[in-house]
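Everything below belongs to final.txt, which stores compact mmCIF, C-alpha atoms.
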# COMPACT_ATOMS: atom_id res chain seq x y z
CA MET A 1 -10.17 5.38 -16.34
CA LYS A 2 -12.32 8.12 -14.81
CA LYS A 3 -14.26 6.62 -11.89
CA LYS A 4 -14.44 7.64 -8.25
CA ILE A 5 -11.72 6.97 -5.71
CA ASN A 6 -10.97 7.88 -2.11
CA SER A 7 -8.38 10.64 -2.00
CA ALA A 8 -4.73 9.83 -1.46
CA CYS A 9 -4.88 11.67 1.87
CA GLU A 10 -7.71 9.42 3.11
CA THR A 11 -5.79 6.37 1.94
CA CYS A 12 -2.57 7.36 3.68
CA SER A 13 -4.24 7.61 7.10
CA GLU A 14 -5.64 4.08 6.98
CA PHE A 15 -2.53 2.43 8.48
CA ASN A 16 0.08 3.56 10.96
CA ALA A 17 3.63 2.71 9.93
CA GLY A 18 5.03 3.72 13.30
CA GLY A 19 6.87 0.40 13.41
CA LEU A 20 8.89 1.26 10.31
CA LYS A 21 12.67 1.39 10.70
CA LYS A 22 14.63 2.64 7.71
CA LEU A 23 17.76 0.49 7.56
CA GLY A 24 19.57 2.16 4.69
CA VAL A 25 22.18 -0.20 3.19
CA LYS A 26 21.89 -2.88 5.91
CA THR A 27 20.54 -5.60 3.63
CA ASP A 28 21.92 -8.65 5.48
CA ASN A 29 19.75 -11.29 7.21
CA VAL A 30 16.51 -10.19 5.62
CA ASP A 31 13.21 -12.07 5.85
CA PHE A 32 11.73 -10.89 2.55
CA VAL A 33 12.95 -9.46 -0.77
CA VAL A 34 10.86 -6.78 -2.47
CA ALA A 35 11.40 -5.66 -6.08
CA LEU A 36 10.41 -2.17 -7.22
CA ALA A 37 9.45 -2.11 -10.91
CA GLY A 38 7.94 0.54 -13.15
CA ASN A 39 8.24 2.84 -16.13
CA PRO A 40 10.78 5.68 -15.96
CA ASN A 41 9.56 8.88 -14.27
CA THR A 42 6.88 7.26 -12.08
CA GLY A 43 8.52 8.26 -8.79
CA LYS A 44 9.89 4.77 -8.20
CA SER A 45 13.13 6.07 -6.69
CA THR A 46 11.11 8.35 -4.39
CA VAL A 47 9.22 5.30 -3.10
CA PHE A 48 12.56 3.53 -2.61
CA ASN A 49 13.96 6.45 -0.63
CA ALA A 50 10.78 6.79 1.47
CA LEU A 51 11.05 3.16 2.59
CA THR A 52 14.81 2.85 3.09
CA GLY A 53 15.84 6.36 4.14
CA LEU A 54 18.44 6.40 1.36
CA LYS A 55 19.00 8.74 -1.51
CA GLN A 56 19.68 5.92 -3.96
CA HIS A 57 22.60 3.77 -2.80
CA THR A 58 23.76 2.36 -6.13
CA GLY A 59 26.13 -0.11 -7.72
CA ASN A 60 25.99 -2.18 -10.91
CA TRP A 61 24.27 -5.46 -11.71
CA PRO A 62 26.81 -8.29 -12.16
CA GLY A 63 28.26 -8.17 -15.66
CA LYS A 64 26.13 -5.16 -16.60
CA THR A 65 26.54 -1.41 -16.86
CA VAL A 66 22.99 -1.00 -15.55
CA VAL A 67 22.78 0.73 -12.15
CA ARG A 68 21.61 -1.39 -9.20
CA ALA A 69 20.03 0.21 -6.12
CA GLU A 70 19.41 -1.72 -2.90
CA GLY A 71 18.28 -0.79 0.58
CA ALA A 72 16.30 -2.19 3.48
CA PHE A 73 13.62 -1.46 6.04
CA GLU A 74 12.20 -3.22 9.06
CA TYR A 75 8.51 -3.40 9.87
CA GLU A 76 6.86 -5.31 12.71
CA ASP A 77 10.06 -7.24 13.47
CA LYS A 78 10.59 -8.39 9.88
CA LYS A 79 13.39 -7.14 7.61
CA TYR A 80 12.77 -6.37 3.96
CA LYS A 81 15.42 -5.95 1.28
CA LEU A 82 14.30 -3.52 -1.41
CA VAL A 83 15.74 -3.79 -4.93
CA ASP A 84 14.99 -0.85 -7.24
CA LEU A 85 14.90 -2.32 -10.75
CA PRO A 86 15.80 -0.24 -13.80
CA GLY A 87 12.91 1.83 -15.12
CA THR A 88 11.57 0.16 -18.25
CA TYR A 89 8.51 0.21 -20.52
CA SER A 90 8.58 -3.51 -21.29
CA LEU A 91 10.01 -6.87 -20.21
CA MET A 92 10.60 -8.18 -23.73
CA SER A 93 14.38 -8.20 -23.17
CA THR A 94 15.28 -5.91 -26.06
CA SER A 95 17.65 -3.88 -23.86
CA GLN A 96 19.89 -4.42 -20.84
CA ASP A 97 17.43 -2.59 -18.59
CA GLU A 98 14.55 -4.81 -19.69
CA GLU A 99 16.63 -7.98 -19.32
CA VAL A 100 17.80 -7.05 -15.83
CA ALA A 101 14.27 -6.21 -14.64
CA ARG A 102 12.72 -9.31 -16.15
CA ASN A 103 15.42 -11.68 -14.97
CA PHE A 104 15.25 -10.44 -11.39
CA ILE A 105 11.46 -10.81 -11.20
CA LEU A 106 11.65 -14.32 -12.70
CA PHE A 107 14.97 -15.77 -11.53
CA GLY A 108 15.38 -13.72 -8.33
CA LYS A 109 11.88 -14.71 -7.19
CA PRO A 110 11.22 -11.67 -4.98
CA ASN A 111 8.59 -12.23 -2.30
CA VAL A 112 6.75 -9.15 -3.53
CA THR A 113 7.03 -7.04 -6.68
CA VAL A 114 5.75 -3.49 -6.20
CA ILE A 115 4.80 -2.01 -9.58
CA VAL A 116 4.99 1.78 -9.36
CA VAL A 117 2.85 3.60 -11.91
CA ASP A 118 2.06 7.23 -12.65
CA ALA A 119 -1.59 7.64 -11.66
CA SER A 120 -1.93 10.65 -13.96
CA ARG A 121 -0.85 8.52 -16.97
CA LEU A 122 -2.11 5.11 -15.94
CA GLU A 123 -2.94 3.91 -19.45
CA ARG A 124 0.71 4.32 -20.51
CA ASN A 125 1.87 2.14 -17.62
CA LEU A 126 -0.52 -0.79 -17.94
CA ASN A 127 1.49 -2.59 -20.62
CA LEU A 128 4.34 -3.19 -18.17
CA VAL A 129 1.91 -4.02 -15.36
CA LEU A 130 0.27 -6.79 -17.40
CA GLN A 131 3.65 -8.18 -18.48
CA ILE A 132 4.81 -8.40 -14.86
CA LEU A 133 1.58 -10.11 -13.82
CA GLU A 134 2.28 -12.80 -16.41
CA ILE A 135 5.49 -13.61 -14.51
CA THR A 136 4.67 -13.34 -10.81
CA ASP A 137 1.76 -14.08 -8.46
CA GLN A 138 3.07 -11.78 -5.72
CA ALA A 139 2.53 -8.15 -6.70
CA VAL A 140 1.21 -4.82 -5.46
CA LEU A 141 0.24 -1.91 -7.71
CA CYS A 142 1.43 1.42 -6.32
CA LEU A 143 -0.61 4.25 -7.84
CA ASN A 144 1.97 6.97 -7.30
CA LEU A 145 1.77 10.70 -8.11
CA MET A 146 -1.84 10.78 -6.94
CA ASP A 147 -1.45 14.48 -6.19
CA GLU A 148 -0.84 15.16 -9.89
CA ALA A 149 -3.74 12.92 -10.91
CA LEU A 150 -6.15 14.69 -8.58
CA ARG A 151 -4.86 18.08 -9.71
CA SER A 152 -5.68 17.02 -13.28
CA ASN A 153 -9.17 15.86 -12.20
CA ILE A 154 -8.30 12.23 -12.96
CA ASN A 155 -10.25 9.86 -10.75
CA ILE A 156 -9.44 6.14 -10.47
CA ASP A 157 -11.60 3.45 -8.93
CA GLU A 158 -8.97 1.60 -6.87
CA ARG A 159 -11.25 -1.26 -5.86
CA ASN A 160 -12.41 -2.00 -9.39
CA LEU A 161 -8.83 -1.78 -10.68
CA ALA A 162 -7.68 -4.19 -7.96
CA ARG A 163 -10.51 -6.56 -8.90
CA GLU A 164 -9.61 -6.43 -12.60
CA LEU A 165 -5.87 -6.93 -12.00
CA GLY A 166 -6.24 -9.45 -9.18
CA ILE A 167 -3.69 -7.69 -6.95
CA PRO A 168 -3.88 -5.04 -4.20
CA VAL A 169 -3.81 -1.41 -5.33
CA VAL A 170 -2.42 1.35 -3.09
CA ALA A 171 -2.65 5.08 -3.85
CA THR A 172 0.41 7.15 -2.90
CA SER A 173 2.11 10.49 -3.29
CA ALA A 174 5.54 9.31 -2.21
CA ARG A 175 7.22 12.73 -2.30
CA PHE A 176 4.76 13.87 0.40
CA ASN A 177 4.88 10.51 2.22
CA GLN A 178 1.17 10.05 1.55
CA GLY A 179 0.02 6.45 1.27
CA ILE A 180 3.41 5.02 2.29
CA PRO A 181 2.07 3.51 5.57
CA ASN A 182 -0.65 1.71 3.59
CA LEU A 183 1.91 0.51 1.05
CA ILE A 184 4.17 -0.92 3.77
CA GLN A 185 1.26 -2.76 5.40
CA THR A 186 0.17 -4.18 2.04
CA ILE A 187 3.71 -5.36 1.22
CA LYS A 188 3.78 -7.14 4.58
CA GLU A 189 0.44 -8.85 3.99
CA VAL A 190 1.37 -10.07 0.50
CA ALA A 191 4.80 -11.25 1.68
CA ASN A 192 3.44 -13.31 4.57
CA GLY A 193 0.45 -14.69 2.68
CA GLN A 194 -2.32 -12.71 4.38
CA ILE A 195 -3.23 -11.38 0.94
CA VAL A 196 -3.36 -14.00 -1.82
CA CYS A 197 -3.06 -12.48 -5.29
CA LYS A 198 -4.85 -13.86 -8.33
CA PRO A 199 -3.25 -11.77 -11.07
CA HIS A 200 -4.77 -11.08 -14.45
CA ARG A 201 -3.39 -13.35 -17.15
CA LEU A 202 -3.75 -13.31 -20.92
CA LYS A 203 -7.01 -14.94 -21.98
CA ASN A 204 -7.39 -14.09 -25.67
CA ILE A 205 -4.82 -16.66 -26.82
CA PRO A 206 -5.83 -18.73 -29.90
CA ASP A 207 -6.80 -22.34 -29.10
CA ASN A 208 -3.92 -23.89 -31.05
CA ILE A 209 -1.39 -21.69 -29.21
CA MET A 210 -3.01 -22.46 -25.85
CA LYS A 211 -2.79 -26.20 -26.51
CA ALA A 212 0.90 -25.84 -27.36
CA ILE A 213 1.50 -23.79 -24.20
CA LYS A 214 -0.21 -26.39 -21.99
CA LYS A 215 1.72 -29.26 -23.58
CA LEU A 216 5.09 -27.51 -23.39
CA SER A 217 4.36 -26.24 -19.87
CA GLY A 218 3.69 -29.79 -18.72
CA GLU A 219 6.96 -31.03 -20.22
CA ILE A 220 8.89 -28.19 -18.55
CA GLU A 221 7.38 -29.06 -15.15
CA LYS A 222 8.29 -32.73 -15.57
CA GLN A 223 11.93 -31.98 -16.30
CA PHE A 224 12.25 -28.97 -13.98
CA PRO A 225 9.78 -29.41 -11.05
CA LYS A 226 11.02 -26.26 -9.28
CA VAL A 227 10.88 -24.00 -12.32
CA PRO A 228 9.00 -20.72 -11.75
CA ASN A 229 5.90 -20.03 -13.89
CA SER A 230 6.13 -22.80 -16.49
CA ARG A 231 3.21 -21.29 -18.44
CA TRP A 232 5.02 -18.01 -19.04
CA ILE A 233 8.27 -19.81 -19.87
CA ALA A 234 6.44 -22.01 -22.39
CA LEU A 235 4.96 -18.90 -24.04
CA ARG A 236 8.39 -17.27 -24.29
CA LEU A 237 9.93 -20.44 -25.74
CA LEU A 238 7.21 -20.61 -28.40
CA GLU A 239 8.04 -17.00 -29.28
CA GLY A 240 11.71 -17.95 -29.75
CA ASP A 241 13.14 -16.13 -26.73
CA ASN A 242 16.83 -17.17 -26.81
CA ARG A 243 17.55 -15.74 -23.35
CA ILE A 244 14.93 -18.02 -21.77
CA MET A 245 16.13 -20.98 -23.84
CA ASN A 246 19.69 -20.50 -22.59
CA ALA A 247 18.55 -19.99 -18.99
CA LEU A 248 16.59 -23.23 -19.11
CA LYS A 249 19.53 -25.17 -20.56
CA SER A 250 22.03 -23.73 -18.10
CA GLY A 251 19.83 -24.39 -15.07
CA GLU A 252 19.54 -20.68 -14.20
CA LEU A 253 15.74 -20.98 -14.08
CA ILE A 254 15.90 -23.37 -11.15
How would this structure read if it were set down as structure tokens?
Amino acid sequence: MKKKINSACETCSEFNAGGLKKLGVKTDNVDFVVALAGNPNTGKSTVFNALTGLKQHTGNWPGKTVVRAEGAFEYEDKKYKLVDLPGTYSLMSTSQDEEVARNFILFGKPNVTVIVVDASRLERNLNLVLQILEITDQAVLCLNLMDEALRSNINIDERNLARELGIPVVATSARFNQGIPNLIQTIKEVANGQIVCKPHRLKNIPDNIMKAIKKLSGEIEKQFPKVPNSRWIALRLLEGDNRIMNALKSGELI
């Protein structure tokens, strides 16, 4: 995707994050929960550290050997809990990492999911981005490692990408703290509803499958009015996803 973009340095000066307080592990009494998702090696942990002031405070997810990292920050009198999800290439639940990431985005219902991608290898990251956008309406794309992209003469049209994906796009170089103020401001605006996302959803679904999805989605909503994203759940049920079937039966989805 080689179109023109403002530089990461121009982007990072757009907002002042002087009101940011890095709270480290103080994750109690928060106003919003933010999930950090992304492929491995996209600088996701660097973004986490830049926002919380931590160097990865970790534990394990309940019943899993997968590492769990949590921290918090305060911005403009609101507290945000940040959960760094395992790095994964997919949400198809073929591994513990994928299951943990997917389940938190769906069942945990974070107020915002920040999808961290490597701007120098954007095409490799879009598969996960599109899968996440099938699950949640509240997302921000963090184009990280912009310094490497610009060094490789890779130019990305942020505005067009945001229009195509239906979510805000923020360019960052987290290891140099570039773009982090803009990212914090965007997280705030998505969390409090100032920015309303209209994420890209699959459109090239055959008519017979789409009819089945709509019918099953309607039945799910009747039985479970508070269920998150009945369309996506219906699609996963039609594909025979046992994890989603069990979660629906056990009540975990609601």
Next item on the list: Considering all atoms listed in the file, return as a PyMOL selection string whatever protein or nucleic-acid residues lie within 12 Å of Lys211 in chain A, sequence-local ones (same chain, fewer than 4 positions apart) excluded.
Entry: chain A and resi 205-207+215-218+231+234-235+238
Residues from last step as file, C-alpha atoms, as a tab-separated table (two decimals), keeping the file's coordinate frame:
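Output file selection.tsv is given in full below:
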chain	number	residue	atom	x	y	z
A	205	ILE	CA	-4.82	-16.66	-26.82
A	206	PRO	CA	-5.83	-18.73	-29.90
A	207	ASP	CA	-6.80	-22.34	-29.10
A	215	LYS	CA	1.72	-29.26	-23.58
A	216	LEU	CA	5.09	-27.51	-23.39
A	217	SER	CA	4.36	-26.24	-19.87
A	218	GLY	CA	3.69	-29.79	-18.72
A	231	ARG	CA	3.21	-21.29	-18.44
A	234	ALA	CA	6.44	-22.01	-22.39
A	235	LEU	CA	4.96	-18.90	-24.04
A	238	LEU	CA	7.21	-20.61	-28.40
Next item on the list: Quick one: everything within 6 Å of range 20-33 of chain A, counting all atoms listed in the file, minus sequence neighbours fewer than 6 positions away in the same chain. Send it as a list in words.
Entry: Thr52, Gly53, Leu54, Gly71, Ala72, Phe73, Glu74, Tyr75, Lys79, Tyr80, Lys81, Pro110 and Asn111 of chain A
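The gap separating CA of Leu85 in chain A from CA of Arg236 in chain A is 21.2 Å, in Å to one decimal.
Compared by their closest atoms to Phe107 in chain A, and using all atoms listed in the file, the residues A:Gln178, A:Thr136, A:Asn192, A:Asn153 rank with A:Thr136 nearest.
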Check: So how many Å separate CA of Asn160 in chain A and CA of Ala139 in chain A, to one decimal?
Finding: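 For CA of Asn160 in chain A relative to CA of Ala139 in chain A, the distance reads 16.4 Å.
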Next item on the list: Figure out the distance between CA of Arg243 in chain A and CA of Pro225 in chain A, please, to one decimal in Å.
Entry: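 Atom-to-atom, CA of Pro225 in chain A and CA of Arg243 in chain A are spaced 20.0 Å apart.
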Checklist line | Which residue of A:Ser90, A:Asn204, A:Thr46, A:Gln194 approaches Thr172 in chain A most closely, using only C-alpha atoms | finding: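 Looking only at the distances to Thr172 in chain A, the closest residue turns out to be A:Thr46.
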Next item on the list: Write out as a VMD selection string the residues lying within 8 Å of Glu158 in chain A, counting all atoms listed in the file and excluding same-chain residues fewer than 2 positions away.
Entry: chain A and resid 5 156 160 to 162 169 to 171
Notebook entry, point to check: Taking (-9.5, -9.3, -9.2) in the file's coordinates as the center, which residues reach within 12 Å of it, counting all atoms listed in the file, put as a list of chain:residue names?
Noted result: A:Glu158, A:Arg159, A:Asn160, A:Leu161, A:Ala162, A:Arg163, A:Glu164, A:Leu165, A:Gly166, A:Ile167, A:Pro168, A:Val169, A:Val196, A:Cys197, A:Lys198, A:Pro199, A:His200, A:Arg201
